[in-house]
>>> print(open('run.tsv').read())   # TSV, C-alpha atoms
chain	number	residue	atom	x	y	z
A	1	MET	CA	47.19	288.45	39.42
A	2	ALA	CA	45.95	285.03	40.45
A	3	SER	CA	45.81	282.30	37.82
A	4	LYS	CA	42.50	281.96	36.02
A	5	ILE	CA	41.08	278.55	36.87
A	6	PRO	CA	39.54	276.84	33.81
A	7	ASP	CA	35.84	276.22	34.43
A	8	ILE	CA	34.43	272.72	34.22
A	9	PRO	CA	32.53	273.28	30.93
A	10	SER	CA	35.75	274.32	29.16
A	11	LEU	CA	37.57	271.24	30.46
A	12	VAL	CA	34.70	269.03	29.31
A	13	SER	CA	34.74	270.66	25.87
A	14	ALA	CA	38.47	270.03	25.50
A	15	ALA	CA	38.04	266.40	26.56
A	16	GLN	CA	35.07	265.92	24.20
A	17	ALA	CA	37.06	267.28	21.27
A	18	ALA	CA	39.95	264.94	22.03
A	19	PHE	CA	37.54	262.02	22.38
A	20	THR	CA	35.95	262.50	18.94
A	21	GLU	CA	39.42	262.88	17.44
A	22	ASN	CA	40.82	259.71	18.99
A	23	PHE	CA	37.85	257.38	19.44
A	24	ASP	CA	34.65	256.44	17.62
A	25	GLY	CA	31.59	258.62	18.20
A	26	ASN	CA	30.89	260.92	21.15
A	27	PRO	CA	31.25	260.35	24.89
A	28	SER	CA	28.12	259.46	26.86
A	29	VAL	CA	29.41	260.12	30.38
A	30	ALA	CA	31.25	263.12	31.85
A	31	VAL	CA	32.35	263.57	35.47
A	32	ALA	CA	34.50	265.89	37.56
A	33	ALA	CA	36.28	265.39	40.89
A	34	PRO	CA	38.22	268.10	42.74
A	35	GLY	CA	41.66	268.43	44.16
A	36	ARG	CA	41.92	269.78	47.67
A	37	VAL	CA	43.84	272.07	49.93
A	38	ASN	CA	44.35	271.01	53.52
A	39	ILE	CA	43.87	274.10	55.68
A	40	ILE	CA	45.37	272.55	58.82
A	41	GLY	CA	46.11	269.03	60.05
A	42	GLU	CA	49.11	267.79	58.06
A	43	HIS	CA	50.50	264.25	58.30
A	44	THR	CA	47.86	263.47	60.92
A	45	ASP	CA	45.54	261.29	58.83
A	46	TYR	CA	47.67	258.13	59.03
A	47	ASN	CA	48.06	258.83	62.75
A	48	ASP	CA	44.28	258.49	63.29
A	49	GLY	CA	44.04	262.24	63.88
A	50	PHE	CA	42.00	265.14	62.49
A	51	VAL	CA	42.36	266.88	59.14
A	52	PHE	CA	40.58	269.94	57.78
A	53	PRO	CA	40.59	270.10	53.97
A	54	MET	CA	38.35	271.87	51.49
A	55	ALA	CA	37.60	270.85	47.90
A	56	LEU	CA	38.95	273.15	45.20
A	57	PRO	CA	37.56	274.43	41.91
A	58	LEU	CA	40.63	272.74	40.40
A	59	VAL	CA	39.29	269.44	39.05
A	60	THR	CA	39.98	266.31	37.03
A	61	VAL	CA	37.44	265.64	34.28
A	62	VAL	CA	36.84	262.26	32.64
A	63	VAL	CA	34.62	261.78	29.58
A	64	GLY	CA	33.97	258.51	27.78
A	65	LYS	CA	31.67	255.68	26.85
A	66	ARG	CA	31.48	251.89	26.73
A	67	ASN	CA	33.09	250.34	23.65
A	68	ASP	CA	31.49	246.86	23.72
A	69	THR	CA	34.84	245.09	24.08
A	70	ASP	CA	36.88	243.88	27.05
A	71	VAL	CA	39.55	246.53	26.43
A	72	CYS	CA	39.86	249.86	28.27
A	73	ARG	CA	41.47	252.63	26.22
A	74	VAL	CA	42.45	255.80	28.07
A	75	LEU	CA	44.00	259.04	26.85
A	76	THR	CA	45.26	261.79	29.16
A	77	LEU	CA	45.59	265.41	28.08
A	78	ALA	CA	47.57	266.25	31.21
A	79	GLU	CA	50.99	267.74	30.63
A	80	ASN	CA	54.07	266.78	32.61
A	81	VAL	CA	53.09	263.13	32.97
A	82	ASP	CA	55.24	260.24	31.87
A	83	GLN	CA	54.81	258.86	28.35
A	84	PRO	CA	52.84	257.41	26.72
A	85	HIS	CA	49.71	259.52	27.11
A	86	HIS	CA	47.54	256.73	25.71
A	87	VAL	CA	47.18	253.29	27.34
A	88	GLU	CA	45.16	250.13	26.75
A	89	PHE	CA	44.46	247.35	29.21
A	90	GLN	CA	41.96	244.54	29.59
A	91	VAL	CA	39.00	244.56	31.93
A	92	PRO	CA	40.31	242.60	34.94
A	93	SER	CA	39.17	239.07	35.70
A	94	PRO	CA	40.17	236.50	38.34
A	95	SER	CA	42.48	234.85	35.81
A	96	HIS	CA	43.84	238.16	34.46
A	97	PRO	CA	44.06	240.68	37.32
A	98	LEU	CA	45.33	244.17	36.64
A	99	LYS	CA	48.87	245.01	37.71
A	100	PRO	CA	50.74	248.32	37.84
A	101	HIS	CA	53.05	249.11	34.93
A	102	LYS	CA	54.49	252.15	33.20
A	103	PRO	CA	53.31	254.83	32.60
A	104	ASN	CA	52.80	255.80	36.23
A	105	TRP	CA	49.79	258.06	35.67
A	106	ALA	CA	47.77	255.13	34.33
A	107	ASN	CA	48.28	253.14	37.53
A	108	TYR	CA	45.85	255.41	39.36
A	109	VAL	CA	43.21	254.61	36.75
A	110	LYS	CA	44.00	250.90	36.75
A	111	GLY	CA	43.92	250.78	40.54
A	112	VAL	CA	40.39	252.21	40.61
A	113	VAL	CA	39.22	249.86	37.87
A	114	ALA	CA	40.65	246.93	39.84
A	115	ASN	CA	38.86	248.08	43.02
A	116	PHE	CA	35.52	249.08	41.48
A	117	HIS	CA	32.57	247.44	43.23
A	118	GLY	CA	30.35	246.29	40.41
A	119	PRO	CA	30.33	244.88	36.89
A	120	LEU	CA	32.71	246.34	34.31
A	121	SER	CA	32.96	246.55	30.55
A	122	GLY	CA	35.56	247.94	28.21
A	123	PHE	CA	35.49	251.69	27.68
A	124	ASP	CA	37.14	254.58	25.89
A	125	ALA	CA	37.96	257.64	28.01
A	126	VAL	CA	39.74	260.98	27.92
A	127	ILE	CA	41.15	262.61	31.06
A	128	THR	CA	41.99	266.26	31.53
A	129	THR	CA	42.74	268.25	34.67
A	130	SER	CA	43.29	271.71	36.09
A	131	VAL	CA	44.87	270.34	39.29
A	132	PRO	CA	48.64	271.06	39.18
A	133	LEU	CA	50.58	267.81	39.21
A	134	GLY	CA	53.02	267.40	42.09
A	135	GLY	CA	51.77	270.57	43.76
A	136	GLY	CA	50.44	269.00	46.95
A	137	LEU	CA	46.81	269.65	45.93
A	138	SER	CA	46.02	265.97	45.50
A	139	SER	CA	45.96	265.50	41.77
A	140	SER	CA	46.18	261.75	42.41
A	141	ALA	CA	43.02	261.49	44.55
A	142	SER	CA	41.25	263.80	42.11
A	143	LEU	CA	42.07	261.36	39.29
A	144	GLU	CA	41.09	258.33	41.37
A	145	VAL	CA	37.74	259.73	42.48
A	146	ALA	CA	36.98	261.04	38.97
A	147	THR	CA	37.71	257.58	37.56
A	148	TYR	CA	35.45	255.88	40.11
A	149	THR	CA	32.67	258.39	39.48
A	150	PHE	CA	33.09	257.81	35.72
A	151	LEU	CA	32.74	254.04	36.20
A	152	GLU	CA	29.61	254.61	38.30
A	153	GLY	CA	28.06	256.65	35.50
A	154	LEU	CA	29.24	254.23	32.83
A	155	MET	CA	27.91	251.09	34.52
A	156	GLY	CA	24.93	252.57	36.37
A	157	THR	CA	26.25	251.10	39.62
A	158	LYS	CA	26.86	253.39	42.60
A	159	ALA	CA	29.10	252.61	45.54
A	160	SER	CA	27.22	251.55	48.66
A	161	SER	CA	28.23	254.85	50.31
A	162	LEU	CA	30.51	257.82	49.71
A	163	GLN	CA	32.78	256.43	52.40
A	164	ALA	CA	33.04	253.08	50.60
A	165	LYS	CA	33.85	254.91	47.37
A	166	ALA	CA	36.62	256.93	49.02
A	167	LEU	CA	38.10	253.83	50.66
A	168	SER	CA	38.17	252.00	47.31
A	169	CYS	CA	40.10	254.90	45.80
A	170	GLN	CA	42.51	254.92	48.74
A	171	LYS	CA	43.10	251.19	48.27
A	172	ALA	CA	43.85	251.85	44.59
A	173	GLU	CA	46.59	254.28	45.59
A	174	HIS	CA	48.05	251.86	48.13
A	175	GLU	CA	48.12	248.92	45.73
A	176	PHE	CA	48.86	250.49	42.35
A	177	ALA	CA	50.84	253.64	43.16
A	178	ASN	CA	52.62	252.10	46.16
A	179	MET	CA	51.69	255.16	48.20
A	180	PRO	CA	50.56	254.45	51.80
A	181	CYS	CA	48.35	257.56	52.00
A	182	GLY	CA	45.73	258.28	54.63
A	183	ILE	CA	42.06	258.78	53.78
A	184	MET	CA	41.87	262.59	53.70
A	185	ASP	CA	42.34	263.23	50.00
A	186	GLN	CA	39.85	260.67	48.74
A	187	PHE	CA	37.28	261.68	51.38
A	188	ILE	CA	37.27	265.39	50.56
A	189	SER	CA	37.27	264.78	46.80
A	190	THR	CA	34.25	262.51	47.26
A	191	MET	CA	32.37	264.39	50.01
A	192	GLY	CA	33.26	268.06	49.58
A	193	LYS	CA	30.46	270.63	49.52
A	194	LYS	CA	30.49	274.12	48.08
A	195	GLY	CA	30.99	276.79	50.75
A	196	HIS	CA	32.27	274.31	53.35
A	197	ALA	CA	35.48	272.72	54.58
A	198	LEU	CA	35.35	269.22	56.05
A	199	LEU	CA	36.65	268.23	59.49
A	200	ILE	CA	37.49	264.54	59.23
A	201	ASP	CA	38.15	262.22	62.15
A	202	CYS	CA	40.54	259.77	60.50
A	203	ARG	CA	39.96	257.12	63.17
A	204	SER	CA	36.16	256.97	63.24
A	205	LEU	CA	35.88	258.17	59.61
A	206	GLU	CA	33.19	260.60	60.75
A	207	SER	CA	33.17	263.99	59.08
A	208	VAL	CA	31.53	267.35	59.79
A	209	LEU	CA	30.94	270.11	57.25
A	210	VAL	CA	32.11	273.50	58.53
A	211	PRO	CA	30.79	276.64	56.76
A	212	LEU	CA	33.47	278.80	55.14
A	213	SER	CA	31.55	281.59	53.48
A	214	ASP	CA	32.65	284.86	55.10
A	215	PRO	CA	33.21	287.20	52.10
A	216	THR	CA	35.73	289.35	54.00
A	217	VAL	CA	38.40	286.60	54.09
A	218	THR	CA	39.73	284.06	51.64
A	219	PHE	CA	42.39	281.40	51.23
A	220	VAL	CA	45.15	281.96	48.70
A	221	ILE	CA	47.09	278.93	47.50
A	222	THR	CA	50.62	279.76	46.35
A	223	ASN	CA	52.33	277.11	44.26
A	224	SER	CA	56.09	277.25	44.73
A	225	ASN	CA	56.37	275.35	41.43
A	226	VAL	CA	58.94	273.11	43.05
A	227	ARG	CA	57.65	269.67	42.13
A	228	HIS	CA	57.81	266.73	44.48
A	229	THR	CA	57.19	263.01	44.17
A	230	LEU	CA	55.86	261.37	47.31
A	231	THR	CA	56.25	257.77	46.21
A	232	GLY	CA	59.91	257.90	47.24
A	233	SER	CA	61.16	256.97	50.68
A	234	GLU	CA	60.32	260.12	52.66
A	235	TYR	CA	56.57	259.60	53.15
A	236	PRO	CA	56.77	255.89	54.07
A	237	THR	CA	59.68	256.71	56.39
A	238	ARG	CA	57.63	259.34	58.26
A	239	ARG	CA	54.76	256.90	58.60
A	240	ARG	CA	57.04	254.18	59.96
A	241	GLN	CA	58.61	256.60	62.44
A	242	CYS	CA	55.18	257.57	63.78
A	243	GLN	CA	54.18	253.93	64.14
A	244	GLU	CA	57.38	253.13	66.04
A	245	ALA	CA	56.93	256.15	68.31
A	246	ALA	CA	53.35	255.12	69.09
A	247	LYS	CA	54.59	251.63	69.98
A	248	ILE	CA	57.13	253.06	72.43
A	249	LEU	CA	54.33	255.15	73.97
A	250	GLY	CA	52.14	252.04	74.31
A	251	GLN	CA	49.52	253.29	71.87
A	252	SER	CA	48.13	251.84	68.65
A	253	SER	CA	48.49	255.29	67.09
A	254	LEU	CA	49.65	258.77	68.12
A	255	ARG	CA	46.01	259.93	68.34
A	256	ASP	CA	45.80	258.88	71.98
A	257	ALA	CA	49.26	260.08	73.01
A	258	THR	CA	49.91	263.37	74.79
A	259	LEU	CA	52.97	265.61	74.82
A	260	ALA	CA	53.38	264.70	78.51
A	261	ASP	CA	53.54	261.01	77.52
A	262	LEU	CA	56.12	261.86	74.90
A	263	GLU	CA	58.38	263.70	77.36
A	264	LYS	CA	58.24	260.74	79.77
A	265	HIS	CA	59.50	258.41	77.03
A	266	LYS	CA	61.94	260.81	75.41
A	267	SER	CA	65.01	258.87	76.56
A	268	SER	CA	63.63	255.70	74.90
A	269	MET	CA	63.73	257.46	71.53
A	270	MET	CA	67.22	258.85	71.64
A	271	GLU	CA	68.74	256.02	69.59
A	272	GLU	CA	66.65	257.30	66.70
A	273	LYS	CA	66.05	260.94	67.68
A	274	GLU	CA	63.77	261.54	64.72
A	275	LEU	CA	61.09	259.40	66.38
A	276	TYR	CA	60.71	261.98	69.13
A	277	TYR	CA	60.42	264.93	66.75
A	278	ARG	CA	58.06	263.16	64.35
A	279	ALA	CA	55.81	262.22	67.25
A	280	ARG	CA	55.95	265.74	68.68
A	281	HIS	CA	54.64	267.11	65.40
A	282	ALA	CA	51.88	264.54	65.04
A	283	ILE	CA	50.64	264.83	68.62
A	284	SER	CA	50.65	268.64	68.63
A	285	GLU	CA	49.12	268.87	65.15
A	286	ILE	CA	46.21	266.58	66.01
A	287	LYS	CA	45.36	268.71	69.04
A	288	ARG	CA	45.99	271.95	67.15
A	289	THR	CA	43.62	270.98	64.33
A	290	GLU	CA	40.72	270.14	66.60
A	291	GLU	CA	41.17	273.40	68.53
A	292	ALA	CA	41.69	275.49	65.39
A	293	VAL	CA	38.40	274.41	63.84
A	294	SER	CA	36.52	275.38	67.01
A	295	ILE	CA	38.22	278.78	66.87
A	296	LEU	CA	37.41	279.23	63.18
A	297	LYS	CA	33.73	278.55	63.84
A	298	LYS	CA	33.79	281.58	66.17
A	299	GLY	CA	35.27	283.78	63.43
A	300	ASP	CA	38.50	284.35	65.37
A	301	TYR	CA	40.76	284.62	62.32
A	302	ASN	CA	43.70	286.08	64.25
A	303	THR	CA	44.04	283.02	66.47
A	304	PHE	CA	43.26	280.59	63.66
A	305	GLY	CA	45.94	282.20	61.49
A	306	LYS	CA	48.52	281.93	64.26
A	307	MET	CA	47.72	278.23	64.57
A	308	MET	CA	48.25	277.77	60.82
A	309	THR	CA	51.68	279.35	61.20
A	310	GLU	CA	52.48	277.16	64.21
A	311	SER	CA	51.55	274.16	62.09
A	312	HIS	CA	54.09	275.22	59.48
A	313	LYS	CA	56.85	275.64	62.06
A	314	SER	CA	56.14	272.16	63.38
A	315	LEU	CA	56.21	270.68	59.87
A	316	ARG	CA	59.47	272.49	59.17
A	317	ASN	CA	61.32	271.81	62.41
A	318	ASP	CA	59.93	268.55	63.81
A	319	TYR	CA	58.59	266.71	60.78
A	320	GLU	CA	61.19	268.07	58.35
A	321	VAL	CA	58.95	267.98	55.28
A	322	SER	CA	59.23	271.62	54.25
A	323	CYS	CA	61.87	273.08	51.94
A	324	PRO	CA	63.56	276.49	51.49
A	325	GLU	CA	61.02	277.62	48.88
A	326	LEU	CA	58.01	276.87	51.10
A	327	ASP	CA	59.69	278.47	54.10
A	328	GLN	CA	60.37	281.60	52.09
A	329	LEU	CA	56.77	281.78	50.87
A	330	VAL	CA	55.46	281.55	54.44
A	331	GLU	CA	57.97	284.14	55.70
A	332	LEU	CA	57.01	286.56	52.92
A	333	ALA	CA	53.29	286.01	53.48
A	334	LEU	CA	53.54	286.89	57.15
A	335	ALA	CA	55.14	290.24	56.26
A	336	VAL	CA	52.02	291.35	54.32
A	337	PRO	CA	49.34	293.40	56.14
A	338	GLY	CA	46.00	291.61	56.14
A	339	VAL	CA	47.53	288.11	56.34
A	340	TYR	CA	46.34	286.09	59.34
A	341	GLY	CA	48.51	283.01	58.87
A	342	SER	CA	50.28	280.81	56.35
A	343	ARG	CA	51.62	277.27	56.12
A	344	MET	CA	52.82	274.64	53.72
A	345	THR	CA	50.07	272.26	52.66
A	346	GLY	CA	50.20	268.72	51.35
A	347	GLY	CA	52.90	266.12	51.78
A	348	GLY	CA	55.75	268.60	51.56
A	349	PHE	CA	59.15	268.76	49.82
A	350	GLY	CA	57.74	271.37	47.47
A	351	GLY	CA	54.25	272.14	46.29
A	352	CYS	CA	52.06	274.81	47.82
A	353	THR	CA	51.37	277.04	50.77
A	354	VAL	CA	47.90	278.07	51.93
A	355	THR	CA	47.41	281.55	53.38
A	356	LEU	CA	44.40	283.07	55.17
A	357	VAL	CA	44.14	286.70	54.09
A	358	LYS	CA	41.64	289.55	54.17
A	359	GLN	CA	39.84	289.69	50.84
A	360	ASP	CA	40.73	293.33	50.24
A	361	HIS	CA	44.45	292.59	50.75
A	362	VAL	CA	44.72	289.75	48.21
A	363	GLY	CA	46.18	292.00	45.51
A	364	ASP	CA	48.84	293.35	47.86
A	365	PHE	CA	49.68	289.82	48.96
A	366	ILE	CA	50.17	288.53	45.42
A	367	SER	CA	52.22	291.56	44.38
A	368	TYR	CA	54.54	291.26	47.39
A	369	ILE	CA	55.17	287.54	46.88
A	370	LYS	CA	55.83	288.02	43.16
A	371	GLN	CA	58.35	290.78	43.84
A	372	ASN	CA	60.25	288.95	46.57
A	373	TYR	CA	59.99	285.17	46.00
A	374	LYS	CA	63.10	283.80	44.33
A	375	GLY	CA	61.08	281.50	42.06
A	376	THR	CA	58.05	281.92	39.81
A	377	PRO	CA	54.94	281.30	41.92
A	378	THR	CA	51.39	280.57	40.78
A	379	PHE	CA	48.40	281.82	42.79
A	380	TYR	CA	44.90	280.44	43.20
A	381	VAL	CA	42.30	282.41	45.15
A	382	CYS	CA	39.81	279.73	46.10
A	383	ALA	CA	36.48	279.31	47.80
A	384	PRO	CA	35.43	275.79	48.89
A	385	ALA	CA	34.01	273.88	45.90
A	386	GLU	CA	31.78	270.88	45.27
A	387	GLY	CA	32.93	267.28	45.54
A	388	ALA	CA	32.77	264.64	42.79
A	389	GLN	CA	29.83	264.96	40.42
A	390	GLU	CA	28.43	263.50	37.24
A	391	LEU	CA	27.92	266.16	34.56
A	392	SER	CA	25.35	266.45	31.79
A	393	LEU	CA	26.60	266.32	28.22
>>> encode(input="run.tsv", output="structure tokens")
Amino acid sequence: MASKIPDIPSLVSAAQAAFTENFDGNPSVAVAAPGRVNIIGEHTDYNDGFVFPMALPLVTVVVGKRNDTDVCRVLTLAENVDQPHHVEFQVPSPSHPLKPHKPNWANYVKGVVANFHGPLSGFDAVITTSVPLGGGLSSSASLEVATYTFLEGLMGTKASSLQAKALSCQKAEHEFANMPCGIMDQFISTMGKKGHALLIDCRSLESVLVPLSDPTVTFVITNSNVRHTLTGSEYPTRRRQCQEAAKILGQSSLRDATLADLEKHKSSMMEEKELYYRARHAISEIKRTEEAVSILKKGDYNTFGKMMTESHKSLRNDYEVSCPELDQLVELALAVPGVYGSRMTGGGFGGCTVTLVKQDHVGDFISYIKQNYKGTPTFYVCAPAEGAQELSL
């Protein structure tokens, strides 16, 4: 069976209970922000390309209130994060700016506080989440966007736009987690809508909601439960390789390059052969994503599924961000009747796959993977969920 996803009220209740146990009084603000699954369009966002994520019912919840001091006190209930689970830091000022320190999880919170557009006061807060950490479902952006939404509710000051809010959260990740991510994760967590995926043009920052409400099909996320950390060298290395390849092709990014351009300049990349393969993935994936969304709108699940699988092959062979566990999950998925396509999702090196499957074959799919996968997978059967929201207490 698929994992039961805790509903938002139960997460809020757990956070409220922890708040009253650890702080004075009761929280006055509660918010939730979702993780995401990227259906197609991987490692294209920092190449000015297209991505196609949907928000998940897996969320990060923050509850809290102002404490009438200049100190921020934050407790996380999340498991598998570095110690301590409780941190204190001062409200930033020009003379005392916030800086990243251990524990790592708190840097995402600090980064958002440092980049919040508006007045700030000290606060007490409790964080809890149903987004698996290190699973490629963007637990980090979920935490960032939840923190920003919490500060909005706390201070009564909204960002000038949802786009500005997402960009502030992205900047927090760049500066405080040292992760040069694109804008996809923060955008979908901020702008997601129930029953829709979001096609994002990462160059113009324009986005289009695409209905995903056919009851005969669904997406199943399979967590390999191989955990990855993207703040190492692999992600920045891929980004640098794409930038260098674009330079050789005479472009500011790989968005405007074609596969024909790439073949013409292949010999120029042979000193560092990886440049050619990284660029081949990015260029083909950008085009594939735009085409796939058009195909999905027509309800052609067979072709869309094949394009998902092609995306995985490209990520495995050219971008080299898959791993044996993800490859096995995709291979097993494609052997199940009723499966249209499957691919790794997220940054890679572990985490999850996303599979498009007929609704009435979901049980068969889960049973087959459980019987044949060499690890212990976790399954989430998900419909597109709502973006960040303030909740009533």
>>> closest_residue(input="run.tsv", among="A:Ile127, A:Val12, A:Ile39, A:Ile183", to="Phe219 (chain A)", atoms="all atoms listed in the file")
A:Ile39
>>> residues_around(input="run.tsv", residues="Thr216 (chain A)", least_positions_apart="3", cutoff="12 Å", atoms="all atoms listed in the file", output="list of chain:residue names")
A:Leu212, A:Ser213, A:Phe219, A:Gly299, A:Tyr301, A:Gly338, A:Leu356, A:Val357, A:Lys358, A:Gln359, A:Asp360, A:His361, A:Val362, A:Ala383
>>> closest_residue(input="run.tsv", among="A:Asp185, A:Glu274, A:Glu285, A:Asp261", to="Gly387 (chain A)", atoms="all atoms listed in the file")
A:Asp185
>>> atom_distance(input="run.tsv", atom1="CA of Pro57 (chain A)", atom2="CA of Ala146 (chain A)")
13.7 Å
>>> closest_atom_pairs(input="run.tsv", of="region 204-296 of chain A", to="region 188-198 of chain A", cutoff="7 Å", atoms="all atoms listed in the file", output="tab-separated table")
residue	atom	partner	partner_atom	distance
A:Ser207	CA	A:Leu198	CA	6.4
A:Val208	CA	A:Leu198	CA	5.7
A:Leu209	CA	A:Leu198	CA	4.7
A:Val210	CA	A:His196	CA	5.2
A:Pro211	CA	A:His196	CA	4.4
A:Leu212	CA	A:His196	CA	5.0
A:Ser213	CA	A:Gly195	CA	5.6
>>> closest_residue(input="run.tsv", among="A:Asn115, A:Thr129, A:Thr157, A:Thr309", to="Lys171 (chain A)", atoms="only C-alpha atoms")
A:Asn115
>>> residues_near_point(input="run.tsv", point="(54.7, 274.9, 66.2)", cutoff="12 Å", atoms="all atoms listed in the file", output="PyMOL selection string")
chain A and resi 277+280-289+306-319+343
>>> write_last_selection(input="run.tsv", atoms="C-alpha atoms", output="short mmCIF file (atom, residue, chain, number, x, y, z; two decimals), keeping the file's coordinate frame")
data_model
loop_
_atom_site.label_atom_id
_atom_site.label_comp_id
_atom_site.auth_asym_id
_atom_site.auth_seq_id
_atom_site.Cartn_x
_atom_site.Cartn_y
_atom_site.Cartn_z
CA TYR A 277 60.42 264.93 66.75
CA ARG A 280 55.95 265.74 68.68
CA HIS A 281 54.64 267.11 65.40
CA ALA A 282 51.88 264.54 65.04
CA ILE A 283 50.64 264.83 68.62
CA SER A 284 50.65 268.64 68.63
CA GLU A 285 49.12 268.87 65.15
CA ILE A 286 46.21 266.58 66.01
CA LYS A 287 45.36 268.71 69.04
CA ARG A 288 45.99 271.95 67.15
CA THR A 289 43.62 270.98 64.33
CA LYS A 306 48.52 281.93 64.26
CA MET A 307 47.72 278.23 64.57
CA MET A 308 48.25 277.77 60.82
CA THR A 309 51.68 279.35 61.20
CA GLU A 310 52.48 277.16 64.21
CA SER A 311 51.55 274.16 62.09
CA HIS A 312 54.09 275.22 59.48
CA LYS A 313 56.85 275.64 62.06
CA SER A 314 56.14 272.16 63.38
CA LEU A 315 56.21 270.68 59.87
CA ARG A 316 59.47 272.49 59.17
CA ASN A 317 61.32 271.81 62.41
CA ASP A 318 59.93 268.55 63.81
CA TYR A 319 58.59 266.71 60.78
CA ARG A 343 51.62 277.27 56.12
#
>>> atom_distance(input="run.tsv", atom1="CA of Glu244 (chain A)", atom2="CA of Gly134 (chain A)")
28.2 Å
>>> atom_distance(input="run.tsv", atom1="CA of Ala177 (chain A)", atom2="CA of Phe379 (chain A)")
28.3 Å
>>> residues_around(input="run.tsv", residues="Ala106 (chain A)", least_positions_apart="4", cutoff="8 Å", atoms="all atoms listed in the file", output="ChimeraX atom specification")
/A:87,102,110
>>> closest_residue(input="run.tsv", among="A:Leu391, A:Leu11, A:Ala159, A:Met184", to="Arg203 (chain A)", atoms="only C-alpha atoms")
A:Met184
>>> residues_near_point(input="run.tsv", point="(34.6, 258.3, 23.4)", cutoff="10 Å", atoms="all atoms listed in the file", output="JSON list (two decimals) with C-alpha atoms, keeping the file's coordinate frame")
[["chain", "number", "residue", "atom", "x", "y", "z"],
["A", 15, "ALA", "CA", 38.04, 266.40, 26.56],
["A", 16, "GLN", "CA", 35.07, 265.92, 24.20],
["A", 17, "ALA", "CA", 37.06, 267.28, 21.27],
["A", 18, "ALA", "CA", 39.95, 264.94, 22.03],
["A", 19, "PHE", "CA", 37.54, 262.02, 22.38],
["A", 20, "THR", "CA", 35.95, 262.50, 18.94],
["A", 21, "GLU", "CA", 39.42, 262.88, 17.44],
["A", 22, "ASN", "CA", 40.82, 259.71, 18.99],
["A", 23, "PHE", "CA", 37.85, 257.38, 19.44],
["A", 24, "ASP", "CA", 34.65, 256.44, 17.62],
["A", 25, "GLY", "CA", 31.59, 258.62, 18.20],
["A", 26, "ASN", "CA", 30.89, 260.92, 21.15],
["A", 27, "PRO", "CA", 31.25, 260.35, 24.89],
["A", 28, "SER", "CA", 28.12, 259.46, 26.86],
["A", 29, "VAL", "CA", 29.41, 260.12, 30.38],
["A", 63, "VAL", "CA", 34.62, 261.78, 29.58],
["A", 64, "GLY", "CA", 33.97, 258.51, 27.78],
["A", 65, "LYS", "CA", 31.67, 255.68, 26.85],
["A", 66, "ARG", "CA", 31.48, 251.89, 26.73],
["A", 67, "ASN", "CA", 33.09, 250.34, 23.65],
["A", 73, "ARG", "CA", 41.47, 252.63, 26.22],
["A", 74, "VAL", "CA", 42.45, 255.80, 28.07],
["A", 123, "PHE", "CA", 35.49, 251.69, 27.68],
["A", 124, "ASP", "CA", 37.14, 254.58, 25.89],
["A", 125, "ALA", "CA", 37.96, 257.64, 28.01],
["A", 126, "VAL", "CA", 39.74, 260.98, 27.92]]
>>> decode(input="run.tsv", residues="region 317-324 of chain A", atoms="N, CA, C and O atoms", output="PDB file, in the first residue's frame")
ATOM      1  N   ASN A 317      22.310   8.722 -18.658  1.00  0.00           N
ATOM      2  CA  ASN A 317      23.452   8.526 -19.557  1.00  0.00           C
ATOM      3  C   ASN A 317      24.255   9.796 -19.806  1.00  0.00           C
ATOM      4  O   ASN A 317      25.493   9.754 -19.807  1.00  0.00           O
ATOM      5  N   ASP A 318      23.564  10.908 -20.053  1.00  0.00           N
ATOM      6  CA  ASP A 318      24.258  12.148 -20.424  1.00  0.00           C
ATOM      7  C   ASP A 318      24.562  13.042 -19.224  1.00  0.00           C
ATOM      8  O   ASP A 318      25.630  13.644 -19.142  1.00  0.00           O
ATOM      9  N   TYR A 319      23.609  13.132 -18.301  1.00  0.00           N
ATOM     10  CA  TYR A 319      23.823  14.030 -17.162  1.00  0.00           C
ATOM     11  C   TYR A 319      24.442  13.314 -15.970  1.00  0.00           C
ATOM     12  O   TYR A 319      24.986  13.951 -15.077  1.00  0.00           O
ATOM     13  N   GLU A 320      24.329  11.998 -15.964  1.00  0.00           N
ATOM     14  CA  GLU A 320      24.942  11.148 -14.939  1.00  0.00           C
ATOM     15  C   GLU A 320      24.581  11.589 -13.512  1.00  0.00           C
ATOM     16  O   GLU A 320      25.434  11.762 -12.653  1.00  0.00           O
ATOM     17  N   VAL A 321      23.261  11.742 -13.281  1.00  0.00           N
ATOM     18  CA  VAL A 321      22.797  12.095 -11.943  1.00  0.00           C
ATOM     19  C   VAL A 321      21.860  11.035 -11.371  1.00  0.00           C
ATOM     20  O   VAL A 321      21.279  11.230 -10.307  1.00  0.00           O
ATOM     21  N   SER A 322      21.711   9.923 -12.073  1.00  0.00           N
ATOM     22  CA  SER A 322      20.906   8.839 -11.535  1.00  0.00           C
ATOM     23  C   SER A 322      21.790   7.959 -10.647  1.00  0.00           C
ATOM     24  O   SER A 322      22.925   8.309 -10.331  1.00  0.00           O
ATOM     25  N   CYS A 323      21.254   6.826 -10.237  1.00  0.00           N
ATOM     26  CA  CYS A 323      22.019   5.869  -9.434  1.00  0.00           C
ATOM     27  C   CYS A 323      21.385   4.503  -9.648  1.00  0.00           C
ATOM     28  O   CYS A 323      20.266   4.407 -10.180  1.00  0.00           O
ATOM     29  N   PRO A 324      22.039   3.403  -9.256  1.00  0.00           N
ATOM     30  CA  PRO A 324      21.486   2.074  -9.525  1.00  0.00           C
ATOM     31  C   PRO A 324      20.077   1.866  -8.972  1.00  0.00           C
ATOM     32  O   PRO A 324      19.244   1.217  -9.607  1.00  0.00           O
TER      33      PRO A 324
END
